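Worksheet for the structure shown next.
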Amino acid sequence: MTSKEFADYRKKLGKTQRQMAQLIGTSIKAVHSYEQGWRSVPAHAERQVLFLLSRLPENRKLRKNCWTLTKCPAERRKNCPASEFKTGTMCWFINGTLCSGKPHKNWKSKMEMCRNCDVLKQIL
């Protein structure tokens, strides 16, 4: 997540830097540093921000499950945690999903793919 994205998402959530710091469990200095680009946004903070965005009322309507949008094969879907836990609109939040046929090795590589997927684009 870039510093501009972080700032834009904070504003979309309608939060001050202090409120955002409380929501993601960090200091106000850290939030300021993320927005200024002095520090990169850590995975845990990015994940929390995306989760909060997904809970906005306008983002909870009209969303489709990942397996519908991506036309996921039944065999892959059967072994995917997003399907197992019935979280097809939050597959981007769950580690171990099988969108590319195998689990990603880390959050960064997962998010590289998710940012180009219609499932996450629905909330961004």
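Simple scheme: letters A, B, ... for chains in structure tokens order, numbers from 1 for residues in each chain, numbers from 1 for ligands in the order shown.
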
Could you name the residues that touch His104 of chain A at 12 Å or less, counting only C-alpha atoms, but leaving out those on the same chain fewer than 6 positions away, as a ChimeraX atom specification? /A:92,94-98,110-114

Would you tabulate, counting only C-alpha atoms, all residues of segment 45-107 of chain A that have an atom at most 10 Å from an atom of segment 12-32 of chain A, showing the closest pair of atoms and their distance in Å to one decimal, sorted by chain then ascending number, as a tab-separated table?
residue	atom	partner	partner_atom	distance
A:Ala45	CA	A:Ile24	CA	5.9
A:Glu46	CA	A:Ile24	CA	8.8
A:Arg47	CA	A:Ile24	CA	9.2
A:Gln48	CA	A:Ile24	CA	6.1
A:Val49	CA	A:Ile24	CA	7.2
A:Leu52	CA	A:Leu13	CA	7.7
A:Leu53	CA	A:Leu13	CA	6.8
A:Arg55	CA	A:Leu13	CA	9.9
A:Leu56	CA	A:Leu13	CA	7.8

Restricted to N, CA and C atoms, what would the selected residues look like written as a PDB file, in the first residue's frame?
ATOM      1  N   ALA A  45      -0.976  -3.484   9.130  1.00  0.00           N
ATOM      2  CA  ALA A  45      -1.746  -2.239   9.040  1.00  0.00           C
ATOM      3  C   ALA A  45      -2.538  -2.205   7.730  1.00  0.00           C
ATOM      4  N   GLU A  46      -1.913  -2.616   6.650  1.00  0.00           N
ATOM      5  CA  GLU A  46      -2.600  -2.664   5.357  1.00  0.00           C
ATOM      6  C   GLU A  46      -3.820  -3.580   5.442  1.00  0.00           C
ATOM      7  N   ARG A  47      -3.623  -4.719   6.017  1.00  0.00           N
ATOM      8  CA  ARG A  47      -4.703  -5.696   6.135  1.00  0.00           C
ATOM      9  C   ARG A  47      -5.867  -5.122   6.950  1.00  0.00           C
ATOM     10  N   GLN A  48      -5.549  -4.442   8.031  1.00  0.00           N
ATOM     11  CA  GLN A  48      -6.585  -3.842   8.881  1.00  0.00           C
ATOM     12  C   GLN A  48      -7.339  -2.749   8.129  1.00  0.00           C
ATOM     13  N   VAL A  49      -6.627  -1.906   7.402  1.00  0.00           N
ATOM     14  CA  VAL A  49      -7.261  -0.822   6.640  1.00  0.00           C
ATOM     15  C   VAL A  49      -8.205  -1.405   5.586  1.00  0.00           C
ATOM     16  N   LEU A  52     -11.334  -2.716   7.227  1.00  0.00           N
ATOM     17  CA  LEU A  52     -12.244  -1.638   7.608  1.00  0.00           C
ATOM     18  C   LEU A  52     -12.981  -1.092   6.389  1.00  0.00           C
ATOM     19  N   LEU A  53     -12.285  -0.931   5.268  1.00  0.00           N
ATOM     20  CA  LEU A  53     -12.935  -0.480   4.037  1.00  0.00           C
ATOM     21  C   LEU A  53     -14.012  -1.463   3.590  1.00  0.00           C
ATOM     22  N   ARG A  55     -15.912  -3.165   5.330  1.00  0.00           N
ATOM     23  CA  ARG A  55     -17.071  -3.132   6.214  1.00  0.00           C
ATOM     24  C   ARG A  55     -17.936  -1.894   6.023  1.00  0.00           C
ATOM     25  N   LEU A  56     -17.498  -0.936   5.201  1.00  0.00           N
ATOM     26  CA  LEU A  56     -18.331   0.237   4.935  1.00  0.00           C
ATOM     27  C   LEU A  56     -19.623  -0.219   4.263  1.00  0.00           C
TER      28      LEU A  56
END

With a distance cut-off of 8 Å and only C-alpha atoms, select the neighbouring residues of Gln122 of chain A, excluding the residue or stretch itself and same-chain residues fewer than 2 positions from it, and output the selection as a ChimeraX atom specification. /A:59,63,118-120,124

Export, as a tab-separated table (two decimals), in the first residue's frame, the selected residues with C-alpha atoms.
chain	number	residue	atom	x	y	z
A	59	ASN	CA	-18.94	-1.88	0.10
A	63	ARG	CA	-20.46	-7.86	-3.84
A	118	ASP	CA	-12.19	-7.73	-9.22
A	119	VAL	CA	-12.94	-9.08	-5.74
A	120	LEU	CA	-10.69	-6.52	-4.01
A	124	LEU	CA	-11.29	-0.10	-3.38

Given the choices A:Arg76, A:Lys71, A:Lys64, A:His44, which gets closest to Phe93 of chain A if the distance is worked out from only C-alpha atoms? A:His44

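Among A:Thr2, A:Asn116, A:Asn65, A:Asn106, the residue with the shortest atom-to-atom distance to Ala82 of chain A, counting only C-alpha atoms, is A:Asn65.
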
For Met1 of chain A, work out the shell of residues within 7 Å, counting only C-alpha atoms and skipping chain neighbours fewer than 3 positions away, then give it as a PyMOL selection string. chain A and resi 5-6+41+46

Which residue, A:Lys11, A:Lys121, A:Pro42, A:Pro57, has the smallest gap to Thr89 of chain A when you use only C-alpha atoms? A:Lys121

Nearest to Lys86 of chain A, chosen from A:Ser100, A:Asp8, A:Lys105, A:Cys66, with only C-alpha atoms counted in the distances: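 Closest to Lys86 of chain A, using only C-alpha atoms: A:Cys66.
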
Using DSSP on the backbone coordinates, identify the residues of chain A assigned to helix (DSSP H, G or I); present them as a PyMOL selection string. chain A and resi 3-13+17-24+28-36+43-54+57-60+66-69+74-78+81-84+91-93+107-114+118-121

May I ask which of the residues A:Lys4, A:Thr68, A:Ser33, A:Ala43 is the closest one to Lys108 of chain A, counting only C-alpha atoms?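 Of A:Lys4, A:Thr68, A:Ser33, A:Ala43, the one nearest Lys108 of chain A, counting only C-alpha atoms, is A:Ala43.
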
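Distances from A:Pro81, A:Glu35, A:Trp67, A:Met90 to Ile123 of chain A were compared using only C-alpha atoms, and the smallest one belongs to A:Met90.
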
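Here atom CA of Leu69 of chain A stands at a distance of 9.6 Å from atom CA of Gly88 of chain A.
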